[in-house]
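Structure below is model_23.txt: compact mmCIF, C-alpha atoms.
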```
# COMPACT_ATOMS: atom_id res chain seq x y z
CA MET L 1 -2.67 -5.13 8.67
CA ARG L 2 -1.65 -4.76 5.04
CA TRP L 3 -4.33 -4.04 2.52
CA PHE L 4 -3.49 -6.61 -0.20
CA VAL L 5 -5.77 -9.54 -0.89
CA ARG L 6 -5.01 -13.22 -1.48
CA VAL L 7 -4.22 -14.49 -4.99
CA THR L 8 -6.28 -16.88 -7.05
CA THR L 9 -4.10 -17.48 -10.13
CA PRO L 10 -0.46 -18.61 -10.43
CA LEU L 11 0.65 -15.47 -12.27
CA LEU L 12 -0.44 -13.18 -9.46
CA LEU L 13 1.75 -12.14 -6.58
CA ALA L 14 0.91 -13.88 -3.34
CA GLY L 15 -1.53 -11.52 -1.64
CA ILE L 16 -0.54 -10.03 1.67
CA ALA L 17 -3.44 -9.63 4.04
CA ALA L 18 -3.61 -9.51 7.82
CA VAL L 19 -2.84 -13.23 7.90
CA GLY L 20 0.34 -12.87 5.80
CA PRO L 21 1.46 -14.33 2.44
CA ALA L 22 -0.94 -16.76 0.83
CA GLY L 23 1.11 -18.31 -1.96
CA VAL L 24 4.27 -18.25 -4.07
CA ALA L 25 5.24 -15.30 -6.26
CA MET L 26 6.00 -16.00 -9.91
CA ALA L 27 7.50 -13.77 -12.58
CA ALA L 28 5.11 -11.84 -14.80
CA PRO L 29 6.88 -10.25 -17.79
CA GLN L 30 5.86 -7.14 -19.74
CA ALA L 31 4.14 -5.46 -16.84
CA PRO L 32 3.24 -2.24 -18.65
CA GLU L 33 1.05 -4.08 -21.17
CA ARG L 34 -1.29 -4.92 -18.30
CA GLN L 35 -1.23 -1.51 -16.60
CA TRP L 36 -4.84 -0.77 -17.51
CA PHE L 37 -4.99 2.06 -14.99
CA LEU L 38 -2.65 4.17 -17.15
CA ASP L 39 -5.41 4.59 -19.72
CA ALA L 40 -8.19 4.74 -17.14
CA LEU L 41 -6.50 7.67 -15.37
CA ARG L 42 -5.18 9.28 -18.59
CA VAL L 43 -1.70 9.18 -17.14
CA ALA L 44 0.08 10.09 -20.39
CA GLU L 45 -2.00 13.28 -20.63
CA ALA L 46 -1.37 14.06 -16.97
CA HIS L 47 2.38 13.61 -17.44
CA ARG L 48 2.41 16.31 -20.09
CA ILE L 49 1.32 18.63 -17.29
CA SER L 50 3.23 17.25 -14.29
CA THR L 51 5.40 14.27 -13.34
CA GLY L 52 5.67 15.06 -9.64
CA ALA L 53 9.17 16.51 -9.93
CA GLY L 54 10.47 18.08 -6.75
CA VAL L 55 8.02 16.29 -4.45
CA THR L 56 9.03 13.71 -1.85
CA VAL L 57 6.52 10.95 -1.09
CA ALA L 58 7.08 8.86 2.03
CA VAL L 59 6.13 5.20 1.78
CA ILE L 60 5.50 4.00 5.34
CA ASP L 61 5.57 0.27 4.84
CA SER L 62 7.85 -2.79 4.72
CA GLY L 63 10.81 -1.06 3.07
CA VAL L 64 11.57 -0.31 -0.57
CA ALA L 65 13.98 -2.69 -2.30
CA ALA L 66 16.26 -1.94 -5.23
CA HIS L 67 14.54 -2.24 -8.62
CA PRO L 68 15.59 -0.94 -12.06
CA ASP L 69 12.29 0.92 -12.43
CA LEU L 70 13.03 2.89 -9.26
CA ASP L 71 16.66 3.72 -10.03
CA GLY L 72 17.45 7.27 -8.93
CA ARG L 73 14.05 7.71 -7.34
CA VAL L 74 14.57 6.34 -3.83
CA LEU L 75 16.05 8.49 -1.07
CA PRO L 76 17.87 7.18 2.01
CA GLY L 77 15.16 6.15 4.43
CA VAL L 78 14.91 4.65 7.87
CA ASP L 79 14.18 1.28 9.47
CA LEU L 80 12.15 1.84 12.63
CA LEU L 81 11.36 -1.83 13.01
CA THR L 82 14.71 -3.52 13.55
CA SER L 83 16.13 -2.98 17.02
CA ASP L 84 19.67 -4.09 16.11
CA PRO L 85 21.47 -1.04 14.65
CA ALA L 86 23.79 -3.30 12.64
CA HIS L 87 20.86 -4.73 10.68
CA LYS L 88 18.69 -1.68 10.11
CA ASP L 89 17.99 -1.56 6.38
CA PRO L 90 15.02 0.25 4.78
CA THR L 91 16.00 -1.29 1.42
CA PHE L 92 15.33 -4.85 2.60
CA ASP L 93 11.70 -5.65 1.85
CA SER L 94 10.90 -9.19 2.94
CA THR L 95 7.29 -9.05 1.76
CA GLY L 96 7.42 -6.96 -1.41
CA HIS L 97 4.58 -4.80 -0.10
CA GLY L 98 6.47 -1.52 0.24
CA THR L 99 8.29 -2.00 -3.07
CA ALA L 100 4.98 -2.58 -4.84
CA VAL L 101 3.48 0.56 -3.33
CA ALA L 102 6.54 2.63 -4.23
CA GLY L 103 6.36 1.42 -7.84
CA VAL L 104 2.73 2.45 -8.21
CA ILE L 105 3.76 5.93 -7.14
CA ALA L 106 7.05 6.49 -8.94
CA ALA L 107 8.13 3.65 -11.27
CA GLY L 108 10.06 5.23 -14.12
CA GLY L 109 8.99 3.43 -17.31
CA PRO L 110 8.31 3.92 -20.16
CA ALA L 111 10.62 1.51 -22.00
CA PRO L 112 9.05 -1.77 -23.21
CA GLY L 113 8.80 -4.25 -20.40
CA ARG L 114 9.09 -1.54 -17.73
CA ALA L 115 6.44 -0.28 -15.33
CA LEU L 116 5.27 3.32 -15.11
CA GLY L 117 4.00 4.98 -11.95
CA ILE L 118 1.63 7.87 -11.40
CA ALA L 119 4.39 10.35 -10.49
CA PRO L 120 7.70 9.17 -11.98
CA GLY L 121 9.32 12.52 -11.26
CA ALA L 122 8.72 12.22 -7.52
CA ARG L 123 11.19 10.84 -4.99
CA ILE L 124 10.35 7.99 -2.62
CA LEU L 125 11.30 8.19 1.05
CA PRO L 126 11.15 4.68 2.56
CA VAL L 127 10.03 4.41 6.18
CA LYS L 128 10.17 0.79 7.25
CA ILE L 129 7.77 -0.13 10.04
CA THR L 130 6.57 -3.62 9.07
CA ALA L 131 7.91 -7.03 8.11
CA ASP L 132 6.45 -10.54 7.84
CA GLY L 133 3.20 -10.94 9.72
CA GLY L 134 2.55 -7.22 10.09
CA ALA L 135 4.88 -6.73 13.06
CA GLY L 136 5.87 -3.15 13.69
CA LEU L 137 2.58 -1.33 13.20
CA THR L 138 2.99 -0.12 16.78
CA VAL L 139 5.57 2.37 15.46
CA LEU L 140 3.35 3.76 12.70
CA ASP L 141 3.05 7.05 14.54
CA GLN L 142 6.84 7.31 14.76
CA GLY L 143 7.04 6.64 11.03
CA ILE L 144 4.66 9.50 10.26
CA ARG L 145 6.63 11.93 12.39
CA TRP L 146 9.95 10.81 10.93
CA ALA L 147 8.63 11.25 7.39
CA VAL L 148 7.42 14.77 8.19
CA ASP L 149 10.74 15.72 9.79
CA ASN L 150 12.68 14.41 6.80
CA GLY L 151 11.05 16.31 3.99
CA ALA L 152 7.98 14.35 2.89
CA LYS L 153 5.21 16.50 1.40
CA VAL L 154 2.97 13.48 0.79
CA ILE L 155 2.73 10.34 2.94
CA ASN L 156 1.31 7.02 1.75
CA ILE L 157 0.15 4.51 4.36
CA SER L 158 -1.14 1.24 2.90
CA GLN L 159 -1.61 -0.14 6.40
CA GLY L 160 -4.22 -0.05 9.12
CA VAL L 161 -4.16 -0.14 12.91
CA ALA L 162 -6.72 -0.35 15.66
CA GLY L 163 -6.82 -0.32 19.43
CA ALA L 164 -4.37 1.56 21.63
CA ALA L 165 -2.21 2.65 18.69
CA VAL L 166 -4.97 4.79 17.17
CA ALA L 167 -4.58 7.71 19.59
CA ARG L 168 -0.85 7.94 18.86
CA VAL L 169 -1.48 7.73 15.11
CA ARG L 170 -4.11 10.47 15.36
CA ASP L 171 -1.60 12.73 17.10
CA ALA L 172 0.98 11.96 14.41
CA VAL L 173 -1.51 12.80 11.67
CA GLN L 174 -2.16 16.10 13.44
CA TYR L 175 1.62 16.69 13.43
CA ALA L 176 1.67 16.09 9.68
CA ALA L 177 -1.23 18.53 9.20
CA GLU L 178 0.60 21.19 11.18
CA HIS L 179 3.56 20.78 8.83
CA ASP L 180 1.53 21.00 5.59
CA VAL L 181 1.82 17.32 4.63
CA VAL L 182 -0.88 15.41 2.70
CA VAL L 183 -1.62 12.02 4.32
CA VAL L 184 -3.11 9.28 2.13
CA ALA L 185 -4.19 5.91 3.55
CA ALA L 186 -5.71 2.69 2.22
CA ALA L 187 -9.26 2.15 3.45
CA GLY L 188 -8.73 -1.58 4.05
CA ASN L 189 -9.94 -4.91 2.71
CA ARG L 190 -12.44 -7.50 3.76
CA ARG L 191 -10.43 -10.48 4.93
CA PRO L 192 -11.20 -14.13 4.17
CA GLY L 193 -14.11 -15.29 6.32
CA ASP L 194 -15.38 -11.82 7.17
CA PRO L 195 -19.19 -11.79 6.87
CA ALA L 196 -19.21 -8.17 5.71
CA VAL L 197 -16.91 -5.34 4.72
CA PRO L 198 -15.31 -4.12 7.98
CA PRO L 199 -15.11 -0.45 8.89
CA MET L 200 -11.95 1.34 7.89
CA ALA L 201 -8.99 1.18 10.25
CA ALA L 202 -6.80 4.10 11.26
CA PRO L 203 -5.42 6.21 9.77
CA ALA L 204 -7.91 6.01 6.86
CA ASN L 205 -10.81 6.80 9.19
CA ILE L 206 -9.08 9.72 10.90
CA PRO L 207 -10.49 13.13 9.88
CA GLY L 208 -8.17 14.99 7.55
CA VAL L 209 -6.76 11.83 5.95
CA LEU L 210 -7.50 10.89 2.34
CA GLY L 211 -8.96 7.42 2.88
CA VAL L 212 -8.93 5.51 -0.41
CA GLY L 213 -11.02 2.58 -1.64
CA ALA L 214 -10.42 0.41 -4.72
CA VAL L 215 -12.25 0.17 -8.03
CA ASP L 216 -11.81 -2.23 -10.93
CA SER L 217 -11.22 -1.58 -14.63
CA ALA L 218 -14.93 -0.95 -15.15
CA GLY L 219 -14.93 1.72 -12.46
CA ALA L 220 -16.98 -0.37 -10.05
CA VAL L 221 -16.10 -0.61 -6.38
CA TRP L 222 -14.06 -3.73 -5.66
CA ALA L 223 -16.18 -6.15 -3.64
CA ASP L 224 -13.64 -6.39 -0.81
CA SER L 225 -12.90 -2.67 -0.50
CA ALA L 226 -13.78 -1.26 2.92
CA GLN L 227 -16.57 1.29 2.95
CA GLY L 228 -17.72 3.98 5.32
CA PRO L 229 -18.67 7.64 5.65
CA GLU L 230 -15.01 8.62 6.11
CA LEU L 231 -14.03 7.38 2.65
CA ALA L 232 -12.66 10.23 0.52
CA LEU L 233 -11.80 8.78 -2.89
CA THR L 234 -11.57 5.59 -4.92
CA ALA L 235 -8.85 4.65 -7.40
CA PRO L 236 -7.75 1.60 -9.42
CA GLY L 237 -6.81 -1.30 -7.16
CA VAL L 238 -7.71 -4.53 -9.01
CA ALA L 239 -5.36 -6.62 -11.19
CA ILE L 240 -2.51 -4.14 -10.80
CA PRO L 241 1.00 -5.09 -11.98
CA VAL L 242 3.60 -4.09 -9.41
CA LEU L 243 7.35 -4.14 -8.90
CA TYR L 244 8.67 -7.14 -7.02
CA PRO L 245 12.02 -7.32 -5.18
CA ASP L 246 14.66 -9.99 -5.60
CA LEU L 247 13.74 -12.41 -2.82
CA THR L 248 14.93 -15.60 -4.54
CA GLY L 249 18.20 -14.59 -6.17
CA ASP L 250 16.66 -14.47 -9.65
CA GLY L 251 16.61 -10.68 -9.77
CA PRO L 252 13.80 -8.17 -9.31
CA GLY L 253 10.78 -8.37 -11.57
CA TYR L 254 7.04 -7.79 -11.79
CA GLN L 255 3.98 -9.40 -10.32
CA THR L 256 0.26 -8.74 -10.65
CA LEU L 257 -1.89 -8.42 -7.56
CA ALA L 258 -5.50 -9.56 -7.60
CA GLY L 259 -6.68 -6.55 -5.68
CA GLY L 260 -6.27 -4.35 -2.67
CA THR L 261 -6.77 -0.84 -1.35
CA SER L 262 -3.01 -0.94 -0.74
CA LEU L 263 -2.70 -0.35 -4.47
CA ALA L 264 -5.41 2.30 -4.72
CA ALA L 265 -3.88 4.53 -2.04
CA PRO L 266 -0.56 5.08 -3.86
CA MET L 267 -2.51 6.08 -6.97
CA VAL L 268 -3.90 8.97 -4.93
CA ALA L 269 -0.54 9.66 -3.26
CA GLY L 270 0.98 9.91 -6.73
CA ALA L 271 -1.83 12.25 -7.77
CA ALA L 272 -1.10 14.47 -4.76
CA ALA L 273 2.54 14.58 -5.86
CA LEU L 274 1.51 15.65 -9.37
CA VAL L 275 -0.65 18.45 -7.96
CA ARG L 276 2.00 19.65 -5.49
CA SER L 277 4.57 19.76 -8.28
CA LYS L 278 2.28 21.61 -10.70
CA HIS L 279 0.91 23.98 -8.03
CA PRO L 280 3.72 24.38 -5.45
CA ASP L 281 1.95 27.32 -3.83
CA LEU L 282 -1.00 25.21 -2.71
CA THR L 283 -1.29 24.11 0.91
CA ALA L 284 -2.01 20.51 1.85
CA PRO L 285 -5.73 21.31 2.44
CA ASP L 286 -5.85 22.93 -1.01
CA VAL L 287 -4.32 19.82 -2.59
CA ILE L 288 -6.89 17.63 -0.85
CA GLN L 289 -9.72 19.95 -1.89
CA ARG L 290 -8.53 19.85 -5.49
CA LEU L 291 -8.45 16.03 -5.52
CA ILE L 292 -11.92 15.57 -4.04
CA ALA L 293 -13.57 18.48 -5.88
CA THR L 294 -12.47 17.15 -9.28
CA ALA L 295 -13.25 13.48 -8.64
CA ALA L 296 -15.71 11.77 -10.98
CA ASP L 297 -18.86 11.32 -8.94
CA ALA L 298 -20.06 7.72 -8.75
CA GLY L 299 -22.61 5.79 -6.74
CA ALA L 300 -25.08 7.93 -4.83
CA PRO L 301 -24.88 11.66 -5.68
CA GLY L 302 -22.26 13.49 -3.68
CA ARG L 303 -20.13 11.78 -1.06
CA ASP L 304 -21.14 8.21 -0.31
CA PRO L 305 -19.69 5.32 1.72
CA ALA L 306 -18.72 3.26 -1.34
CA TYR L 307 -16.95 5.81 -3.56
CA GLY L 308 -16.33 8.73 -1.24
CA PHE L 309 -16.39 11.89 -3.35
CA GLY L 310 -15.86 9.74 -6.44
CA ARG L 311 -13.17 8.21 -8.62
CA LEU L 312 -9.77 9.86 -8.92
CA ASN L 313 -9.43 12.10 -11.98
CA LEU L 314 -5.80 13.12 -12.55
CA VAL L 315 -6.23 15.53 -15.45
CA ARG L 316 -9.10 17.45 -13.87
CA ALA L 317 -7.17 17.69 -10.59
CA LEU L 318 -4.27 19.27 -12.45
CA THR L 319 -6.17 21.63 -14.71
CA GLU L 320 -9.55 22.70 -13.38
CA PRO L 321 -9.94 25.92 -11.40
CA VAL L 322 -10.67 25.04 -7.78
CA PRO L 323 -11.10 27.72 -5.09
CA THR L 324 -8.59 27.60 -2.26
CA VAL L 325 -9.68 26.73 1.27
CA SER L 326 -8.64 27.85 4.73
CA ALA L 327 -8.99 24.44 6.36
CA ASN L 328 -8.80 20.77 5.46
CA PRO L 329 -12.15 19.87 3.83
CA LEU L 330 -11.92 16.43 5.44
CA GLY L 331 -11.68 17.87 8.93
CA THR L 332 -8.90 17.80 11.52
CA PRO L 333 -7.60 14.72 13.36
CA GLY L 334 -9.07 15.80 16.69
CA SER L 335 -12.54 16.44 15.29
CA ARG L 336 -15.49 14.29 14.33
CA GLN L 337 -15.50 15.91 10.89
CA GLY L 338 -15.13 13.81 7.79
CA THR L 339 -18.68 13.07 6.68
CA ARG L 340 -19.54 16.02 4.46
CA THR L 341 -21.70 15.26 1.46
CA GLY L 342 -19.75 17.50 -0.92
CA PRO L 343 -16.38 19.20 -1.32
CA ALA L 344 -15.86 22.16 0.96
CA ASP L 345 -16.81 25.55 -0.43
CA ASP L 346 -15.15 27.11 2.62
CA GLY L 347 -18.09 29.43 3.23
CA ARG L 348 -17.02 29.65 6.86
CA SER L 349 -14.00 31.71 5.87
CA TRP L 350 -16.37 34.62 5.10
CA LEU L 351 -18.04 34.65 8.50
CA PRO L 352 -15.50 36.94 10.23
CA VAL L 353 -15.59 39.31 7.26
CA LEU L 354 -19.38 39.41 7.27
CA ALA L 355 -19.40 40.09 10.99
CA ILE L 356 -17.02 43.05 10.58
CA VAL L 357 -19.02 44.41 7.66
CA GLY L 358 -22.19 44.14 9.73
CA VAL L 359 -20.67 46.13 12.60
CA VAL L 360 -19.41 48.81 10.22
CA VAL L 361 -22.85 49.13 8.59
CA VAL L 362 -24.54 49.50 11.98
CA LEU L 363 -22.05 52.18 13.04
CA VAL L 364 -22.48 54.09 9.78
CA LEU L 365 -26.25 53.99 10.06
CA ALA L 366 -26.08 55.09 13.68
CA GLY L 367 -23.81 57.98 12.77
CA ALA L 368 -26.06 59.04 9.91
CA ALA L 369 -29.09 58.95 12.19
CA THR L 370 -27.30 61.14 14.75
CA VAL L 371 -26.33 63.74 12.12
CA LEU L 372 -29.90 63.82 10.81
CA PHE L 373 -31.31 64.25 14.33
CA VAL L 374 -28.99 67.17 15.09
CA ALA L 375 -29.82 68.85 11.77
CA LEU L 376 -33.55 68.57 12.40
CA ALA L 377 -33.15 69.90 15.96
CA ARG L 378 -31.34 72.99 14.67
CA ARG L 379 -34.05 73.67 12.09
CA SER L 380 -36.75 73.43 14.72
CA ARG L 381 -35.11 76.30 16.58
```
Now, as a test, write the supplied structure out as structure tokens.
Amino acid sequence: MRWFVRVTTPLLLAGIAAVGPAGVAMAAPQAPERQWFLDALRVAEAHRISTGAGVTVAVIDSGVAAHPDLDGRVLPGVDLLTSDPAHKDPTFDSTGHGTAVAGVIAAGGPAPGRALGIAPGARILPVKITADGGAGLTVLDQGIRWAVDNGAKVINISQGVAGAAVARVRDAVQYAAEHDVVVVAAAGNRRPGDPAVPPMAAPANIPGVLGVGAVDSAGAVWADSAQGPELALTAPGVAIPVLYPDLTGDGPGYQTLAGGTSLAAPMVAGAAALVRSKHPDLTAPDVIQRLIATAADAGAPGRDPAYGFGRLNLVRALTEPVPTVSANPLGTPGSRQGTRTGPADDGRSWLPVLAIVGVVVVLVLAGAATVLFVALARRSR
């Protein structure tokens, strides 16, 4: 399942949902003029602090095609979908989904008519696991492991799986955690005909993963964004201009998507890249803690099923003092953690220390009592 939604106007890219493309893509010039999220997230201010340089972000998706706005930013990747070795090509993106996601993360801008991503200094590592119709999600776990083994420090997954594949994906997420990699995943969309917003699919609902929902330009939760107690953050995901590959021979260009958590997740993946570049000493749990602790609270106070910990705040995530943690505040993949009502304060890390201090105090008091007893006994003689 890909977390784009269908399109309702001719200038919007055909949405890609679980049922596949829903229309015909048309060129949309001057993409940056419609990148409202740049102002909403104060991207220009954030880029004066960090551009994500030195950080590799894996895009586990449908491939990442060549585009001028990604020149010099895409590393050699892998195609885990195609069985024929002669036709394996992570740069062939038959849907445009992976290219769009990659552009949200690292498009170079800022020339007129060019798109700008959240972390233009980062490098994209394409991991192709899907094509038309969503085939290939059965190798999502392999994609996560390959990304970890090939240098990714942040992984974006704008996909969702269910059923038998979940256990393998959970193990792969655990593998990423063991190798200090931040995993970001789209929470999912309500599909046409669904009576209600469905629960999030894996890996967004796996403890330890930054599950991301979508908000619009007013900061309100997008009506079709999946909700649930596992949601960690929300980010812009409505009316987002994206890069579009050359699928017709007319050259690559830009399209605008009506909405989707597929677009919100790479905003957060880009933010993680900014933080890892600015604070290279931080562990993956520290990066996650920084992102959720500095989010702009929205909806019900604290963590809630609609906004998670709140809306992404790039500048605060880069600049505010946030205490480090000893464990992922969103839990571990094998646990049932993930429903805290506030960012972790890591109070548990003091428990062993307090226990030791308590033992020392008892021993000191016992020793003092013994000395006093002996002294009194001698006097009584």
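Each of L:Arg34, L:Lys278, L:Arg311, L:Arg303 was checked against L:Leu291 using all atoms listed in the file; the smallest atom-to-atom distance is that of L:Arg311.
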Could you pull the residues within 7 Å of L:Asp216, counting all atoms listed in the file, minus those fewer than 3 positions along the same chain, as an mmCIF file with C-alpha atoms, keeping the file's coordinate frame?
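part.cif was written with the following content:
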```
data_model
loop_
_atom_site.group_PDB
_atom_site.id
_atom_site.type_symbol
_atom_site.label_atom_id
_atom_site.label_comp_id
_atom_site.auth_asym_id
_atom_site.auth_seq_id
_atom_site.Cartn_x
_atom_site.Cartn_y
_atom_site.Cartn_z
ATOM 1 C CA GLY L 219 -14.930 1.720 -12.460
ATOM 2 C CA ALA L 220 -16.980 -0.370 -10.050
ATOM 3 C CA VAL L 221 -16.100 -0.610 -6.380
ATOM 4 C CA TRP L 222 -14.060 -3.730 -5.660
ATOM 5 C CA PRO L 236 -7.750 1.600 -9.420
ATOM 6 C CA GLY L 237 -6.810 -1.300 -7.160
ATOM 7 C CA VAL L 238 -7.710 -4.530 -9.010
#
```
Padding 5 Å on every side, please: axis-aligned box over the listed atoms of stretch 302-313 of chain L, centre and edge lengths to one decimal in Å, as lines of an AutoDock Vina configuration file.
```
center_x = -15.8
center_y = 8.4
center_z = -5.1
size_x = 22.8
size_y = 20.2
size_z = 23.7
```
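The space between atom CA of L:Gly108 and atom CA of L:Ser158 spans 20.8 Å.
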- Query: Given the choices L:Asp69, L:Thr332, L:Gly299, L:Ala46, which gets closest to L:Gly113 if the distance is worked out from only C-alpha atoms?
  - Reply: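 Once distances to L:Gly113 are computed over only C-alpha atoms, the minimum belongs to L:Asp69.
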With all atoms listed in the file as the atoms that count, which of L:Val173, L:Ala53, L:Ala185, L:Val64 lies nearest to L:Ser262?
->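 Ranking L:Val173, L:Ala53, L:Ala185, L:Val64 by distance to L:Ser262, first place goes to L:Ala185.
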* Which residue gives the smallest distance to L:Ile129 among L:Val59, L:Ile155, L:Ile105, L:Val183, with only C-alpha atoms counted? ->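 That would be L:Val59, the residue with the smallest distance to L:Ile129.
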### Nearest residue to L:Ile240 from the set L:Leu282, L:Val57, L:Ala100, L:Ile124 (distances using only C-alpha atoms)
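With only C-alpha atoms as the atom set, the closest residue is L:Ala100.
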Using all atoms listed in the file, the shortest atom-to-atom distance to L:Asn205 among L:Ala172, L:Ala293, L:Leu330, L:Gly72 belongs to L:Leu330
Q. Counting all atoms listed in the file, which residues come within 7 Å of (10.2, 4.4, 5.0), with the point read in the file's coordinates, and could you list them as a PyMOL selection string?
A. chain L and resi 58-61+63+77-79+90+125-128
Residues of the last selection are to be written out with C-alpha atoms, as an mmCIF file, in the coordinates of the input.
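Saved to again.cif:
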```
data_model
loop_
_atom_site.group_PDB
_atom_site.id
_atom_site.type_symbol
_atom_site.label_atom_id
_atom_site.label_comp_id
_atom_site.auth_asym_id
_atom_site.auth_seq_id
_atom_site.Cartn_x
_atom_site.Cartn_y
_atom_site.Cartn_z
ATOM 1 C CA ALA L 58 7.080 8.860 2.030
ATOM 2 C CA VAL L 59 6.130 5.200 1.780
ATOM 3 C CA ILE L 60 5.500 4.000 5.340
ATOM 4 C CA ASP L 61 5.570 0.270 4.840
ATOM 5 C CA GLY L 63 10.810 -1.060 3.070
ATOM 6 C CA GLY L 77 15.160 6.150 4.430
ATOM 7 C CA VAL L 78 14.910 4.650 7.870
ATOM 8 C CA ASP L 79 14.180 1.280 9.470
ATOM 9 C CA PRO L 90 15.020 0.250 4.780
ATOM 10 C CA LEU L 125 11.300 8.190 1.050
ATOM 11 C CA PRO L 126 11.150 4.680 2.560
ATOM 12 C CA VAL L 127 10.030 4.410 6.180
ATOM 13 C CA LYS L 128 10.170 0.790 7.250
#
```
All residues 8 Å or closer to stretch 264-267 of chain L, all atoms listed in the file, same chain fewer than 2 positions away omitted, as an mmCIF file with C-alpha atoms, keeping the file's coordinate frame:
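After the write, result.cif holds the following:
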```cif
data_model
loop_
_atom_site.group_PDB
_atom_site.id
_atom_site.type_symbol
_atom_site.label_atom_id
_atom_site.label_comp_id
_atom_site.auth_asym_id
_atom_site.auth_seq_id
_atom_site.Cartn_x
_atom_site.Cartn_y
_atom_site.Cartn_z
ATOM 1 C CA VAL L 101 3.480 0.560 -3.330
ATOM 2 C CA ALA L 102 6.540 2.630 -4.230
ATOM 3 C CA VAL L 104 2.730 2.450 -8.210
ATOM 4 C CA ILE L 105 3.760 5.930 -7.140
ATOM 5 C CA ILE L 118 1.630 7.870 -11.400
ATOM 6 C CA ASN L 156 1.310 7.020 1.750
ATOM 7 C CA ILE L 157 0.150 4.510 4.360
ATOM 8 C CA SER L 158 -1.140 1.240 2.900
ATOM 9 C CA VAL L 184 -3.110 9.280 2.130
ATOM 10 C CA ALA L 185 -4.190 5.910 3.550
ATOM 11 C CA ALA L 186 -5.710 2.690 2.220
ATOM 12 C CA GLY L 211 -8.960 7.420 2.880
ATOM 13 C CA VAL L 212 -8.930 5.510 -0.410
ATOM 14 C CA GLY L 213 -11.020 2.580 -1.640
ATOM 15 C CA ALA L 214 -10.420 0.410 -4.720
ATOM 16 C CA VAL L 215 -12.250 0.170 -8.030
ATOM 17 C CA THR L 234 -11.570 5.590 -4.920
ATOM 18 C CA ALA L 235 -8.850 4.650 -7.400
ATOM 19 C CA PRO L 236 -7.750 1.600 -9.420
ATOM 20 C CA GLY L 237 -6.810 -1.300 -7.160
ATOM 21 C CA GLY L 260 -6.270 -4.350 -2.670
ATOM 22 C CA THR L 261 -6.770 -0.840 -1.350
ATOM 23 C CA SER L 262 -3.010 -0.940 -0.740
ATOM 24 C CA ALA L 269 -0.540 9.660 -3.260
ATOM 25 C CA GLY L 270 0.980 9.910 -6.730
ATOM 26 C CA ALA L 271 -1.830 12.250 -7.770
#
```
With N, CA and C atoms as the target, complete stretch 118-130 of chain L and hand it back as a JSON list (two decimals), keeping the file's coordinate frame.
```
[["chain", "number", "residue", "atom", "x", "y", "z"],
["L", 118, "ILE", "N", 2.45, 6.67, -11.26],
["L", 118, "ILE", "CA", 1.63, 7.87, -11.40],
["L", 118, "ILE", "C", 2.49, 9.13, -11.40],
["L", 119, "ALA", "N", 3.55, 9.15, -10.61],
["L", 119, "ALA", "CA", 4.39, 10.35, -10.49],
["L", 119, "ALA", "C", 5.86, 9.97, -10.62],
["L", 120, "PRO", "N", 6.32, 9.65, -11.82],
["L", 120, "PRO", "CA", 7.70, 9.17, -11.98],
["L", 120, "PRO", "C", 8.76, 10.22, -11.69],
["L", 121, "GLY", "N", 8.36, 11.49, -11.61],
["L", 121, "GLY", "CA", 9.32, 12.52, -11.26],
["L", 121, "GLY", "C", 9.49, 12.72, -9.77],
["L", 122, "ALA", "N", 8.66, 12.08, -8.97],
["L", 122, "ALA", "CA", 8.72, 12.22, -7.52],
["L", 122, "ALA", "C", 9.86, 11.37, -6.96],
["L", 123, "ARG", "N", 10.20, 11.63, -5.71],
["L", 123, "ARG", "CA", 11.19, 10.84, -4.99],
["L", 123, "ARG", "C", 10.50, 10.09, -3.85],
["L", 124, "ILE", "N", 10.93, 8.85, -3.65],
["L", 124, "ILE", "CA", 10.35, 7.99, -2.62],
["L", 124, "ILE", "C", 11.23, 8.02, -1.38],
["L", 125, "LEU", "N", 10.60, 8.23, -0.23],
["L", 125, "LEU", "CA", 11.30, 8.19, 1.05],
["L", 125, "LEU", "C", 10.81, 6.97, 1.82],
["L", 126, "PRO", "N", 11.62, 5.90, 1.88],
["L", 126, "PRO", "CA", 11.15, 4.68, 2.56],
["L", 126, "PRO", "C", 11.19, 4.82, 4.08],
["L", 127, "VAL", "N", 10.10, 4.44, 4.72],
["L", 127, "VAL", "CA", 10.03, 4.41, 6.18],
["L", 127, "VAL", "C", 9.55, 3.02, 6.56],
["L", 128, "LYS", "N", 10.49, 2.19, 6.99],
["L", 128, "LYS", "CA", 10.17, 0.79, 7.25],
["L", 128, "LYS", "C", 9.62, 0.61, 8.66],
["L", 129, "ILE", "N", 8.39, 0.11, 8.73],
["L", 129, "ILE", "CA", 7.77, -0.13, 10.04],
["L", 129, "ILE", "C", 7.18, -1.53, 10.14],
["L", 130, "THR", "N", 7.18, -2.29, 9.04],
["L", 130, "THR", "CA", 6.57, -3.62, 9.07],
["L", 130, "THR", "C", 7.47, -4.65, 8.41]]
```
